[in-house]
Amino acid sequence: MRLLHASNVKDDEDSTNEDKEVTLSFKTADKTEEISINKGEILRSAMLKRGKSPHNGRARLINCRGLGTCGTCAVEITCTNGSENIPLIPQERNTKERLRLNFPPHGSEDQSSNLRLACQVRVQDDITVTKRTGFWGQDAPTDDNSSLAESYDAELWFGDLEYILDDKSPKDHTKGK
């Protein structure tokens, strides 16, 4: 008996424009970089495959590899064109995100409502990703941008196992343009 895994069934939104590239503007204390990724990619995997890390410092090694349990890939996501409707799937935080982002060190009153776990969202259009300071990227935005984290290159300690849970992203490891 052959079982069909739910992730093998593409929804209507995936089947149209599946080869479309979108732009991710990655904002850190060092710079803002534009990275081309494929529509529908998991944000964490897309960044790692293009040499950028959604994790700060030692969290590049000490993280849950996309399970959604550690919270170290927390990033602030906004729509590049200024719209309030951020082009992600799921649109709202899923159960893992709600649990993790409401548990310390996350969950403070001054935390951005746009904080999401990069391992839990699929990018559907151009977005801006802002990485905050703190081991978990949990620090609240400041007026002087002192809460922006430095940029870290991806370190793929476990090779392809870094994205073993991701069946949405392409298999090749070519860098973004």
# chains A, B, ... in the order shown; residues from 1 in each chain; ligands from 1

$ residues_around --residues "Asp166 of chain A" --least-positions-apart "3" --cutoff "8 Å" --atoms "only C-alpha atoms" --output "PyMOL selection string"
chain A and resi 42+45+66+163+169

$ residues_around --residues "Phe103 of chain A" --least-positions-apart "6" --cutoff "12 Å" --atoms "only C-alpha atoms" --output "PyMOL selection string"
chain A and resi 69-71+96-97+109+111+136+138

$ atom_distance --atom1 "atom CA of Asn114 of chain A" --atom2 "atom CA of Glu155 of chain A"
25.9 Å

$ select_by_dssp --residues "chain A" --states "helix (DSSP H, G or I)" --output "PyMOL selection string"
chain A and resi 6-8+12-15+43-49+57-60+95-101+118-120+159-163

$ closest_atom_pairs --of "segment 74-146 of chain A" --to "segment 48-53 of chain A" --cutoff "12 Å" --atoms "only C-alpha atoms" --output "JSON lines"
{"residue": "A:Ala74", "atom": "CA", "partner": "A:Ser53", "partner_atom": "CA", "distance": 11.2}
{"residue": "A:Val75", "atom": "CA", "partner": "A:Ser53", "partner_atom": "CA", "distance": 10.8}
{"residue": "A:Ala118", "atom": "CA", "partner": "A:Ser53", "partner_atom": "CA", "distance": 10.2}
{"residue": "A:Cys119", "atom": "CA", "partner": "A:Leu48", "partner_atom": "CA", "distance": 10.8}
{"residue": "A:Val129", "atom": "CA", "partner": "A:Ser53", "partner_atom": "CA", "distance": 11.5}
{"residue": "A:Thr130", "atom": "CA", "partner": "A:Ser53", "partner_atom": "CA", "distance": 11.8}
{"residue": "A:Lys131", "atom": "CA", "partner": "A:Ser53", "partner_atom": "CA", "distance": 9.6}
{"residue": "A:Gly137", "atom": "CA", "partner": "A:Ser53", "partner_atom": "CA", "distance": 11.7}

$ closest_residue --among "A:Asp153, A:Glu162, A:Glu21, A:Glu92" --to "Asp125 of chain A" --atoms "only C-alpha atoms"
A:Glu21

$ closest_residue --among "A:Ser36, A:Ser112, A:Asn63, A:Gln124" --to "Gln91 of chain A" --atoms "only C-alpha atoms"
A:Gln124

$ residues_around --residues "Leu61 of chain A" --least-positions-apart "5" --cutoff "9 Å" --atoms "only C-alpha atoms" --output "mmCIF file with N, CA, C and O atoms, in the first residue's frame"
data_model
loop_
_atom_site.group_PDB
_atom_site.id
_atom_site.type_symbol
_atom_site.label_atom_id
_atom_site.label_comp_id
_atom_site.auth_asym_id
_atom_site.auth_seq_id
_atom_site.Cartn_x
_atom_site.Cartn_y
_atom_site.Cartn_z
ATOM 1 N N HIS A 55 19.568 32.922 11.555
ATOM 2 C CA HIS A 55 19.951 32.731 12.958
ATOM 3 C C HIS A 55 21.062 33.708 13.348
ATOM 4 O O HIS A 55 21.867 34.088 12.505
ATOM 5 N N GLU A 155 26.046 28.617 7.864
ATOM 6 C CA GLU A 155 26.998 27.539 8.107
ATOM 7 C C GLU A 155 26.190 26.254 8.125
ATOM 8 O O GLU A 155 25.399 26.024 9.030
ATOM 9 N N LEU A 156 26.376 25.439 7.099
ATOM 10 C CA LEU A 156 25.593 24.219 6.951
ATOM 11 C C LEU A 156 26.325 23.059 7.612
ATOM 12 O O LEU A 156 26.917 22.205 6.964
ATOM 13 N N TRP A 157 26.246 23.029 8.937
ATOM 14 C CA TRP A 157 26.944 22.042 9.750
ATOM 15 C C TRP A 157 26.580 20.611 9.361
ATOM 16 O O TRP A 157 27.387 19.715 9.459
#

$ atom_distance --atom1 "atom CA of Thr78 of chain A" --atom2 "atom CA of Leu43 of chain A"
13.1 Å

$ closest_residue --among "A:Ser83, A:Gly134, A:Asp167, A:Gln120" --to "Arg58 of chain A" --atoms "only C-alpha atoms"
A:Gly134

$ select_by_dssp --residues "segment 15-136 of chain A" --states "strand (DSSP E or B)" --output "PyMOL selection string"
chain A and resi 21-27+32-38+42+52+74-79+88-89+115-117+122-123+127-130+132

$ write_last_selection --atoms "C-alpha atoms" --output "mmCIF file, in the first residue's frame"
data_model
loop_
_atom_site.group_PDB
_atom_site.id
_atom_site.type_symbol
_atom_site.label_atom_id
_atom_site.label_comp_id
_atom_site.auth_asym_id
_atom_site.auth_seq_id
_atom_site.Cartn_x
_atom_site.Cartn_y
_atom_site.Cartn_z
ATOM 1 C CA GLU A 21 11.185 34.360 -8.579
ATOM 2 C CA VAL A 22 10.455 36.830 -5.803
ATOM 3 C CA THR A 23 12.771 39.254 -4.019
ATOM 4 C CA LEU A 24 13.668 39.007 -0.372
ATOM 5 C CA SER A 25 15.197 42.206 1.056
ATOM 6 C CA PHE A 26 17.248 41.073 4.078
ATOM 7 C CA LYS A 27 17.826 43.935 6.513
ATOM 8 C CA THR A 32 20.225 45.459 3.287
ATOM 9 C CA GLU A 33 20.703 42.749 0.677
ATOM 10 C CA GLU A 34 18.330 41.690 -2.058
ATOM 11 C CA ILE A 35 18.127 37.943 -2.618
ATOM 12 C CA SER A 36 16.169 36.212 -5.388
ATOM 13 C CA ILE A 37 14.256 33.145 -4.227
ATOM 14 C CA ASN A 38 11.574 30.950 -5.750
ATOM 15 C CA ILE A 42 10.336 28.016 3.005
ATOM 16 C CA LYS A 52 22.521 33.798 4.501
ATOM 17 C CA ALA A 74 12.475 34.501 14.389
ATOM 18 C CA VAL A 75 12.511 37.397 11.924
ATOM 19 C CA GLU A 76 10.316 40.412 11.365
ATOM 20 C CA ILE A 77 8.578 40.185 7.983
ATOM 21 C CA THR A 78 6.898 43.051 6.163
ATOM 22 C CA CYS A 79 5.564 43.479 2.667
ATOM 23 C CA LEU A 88 3.156 34.353 3.184
ATOM 24 C CA ILE A 89 1.645 30.914 3.626
ATOM 25 C CA LEU A 115 7.655 38.472 14.037
ATOM 26 C CA ARG A 116 7.483 35.042 12.377
ATOM 27 C CA LEU A 117 9.539 31.841 12.405
ATOM 28 C CA ARG A 122 6.484 30.037 2.575
ATOM 29 C CA VAL A 123 7.202 33.227 0.635
ATOM 30 C CA ILE A 127 9.069 40.753 1.272
ATOM 31 C CA THR A 128 11.435 42.539 3.624
ATOM 32 C CA VAL A 129 12.992 40.389 6.348
ATOM 33 C CA THR A 130 14.502 42.200 9.342
ATOM 34 C CA ARG A 132 16.774 41.581 15.345
#

$ closest_residue --among "A:Asp110, A:Asp126, A:Ala29, A:Pro105" --to "Asp144 of chain A" --atoms "only C-alpha atoms"
A:Ala29

$ closest_residue --among "A:Ser113, A:Thr133, A:Thr142, A:Asn56" --to "Ile86 of chain A" --atoms "only C-alpha atoms"
A:Ser113
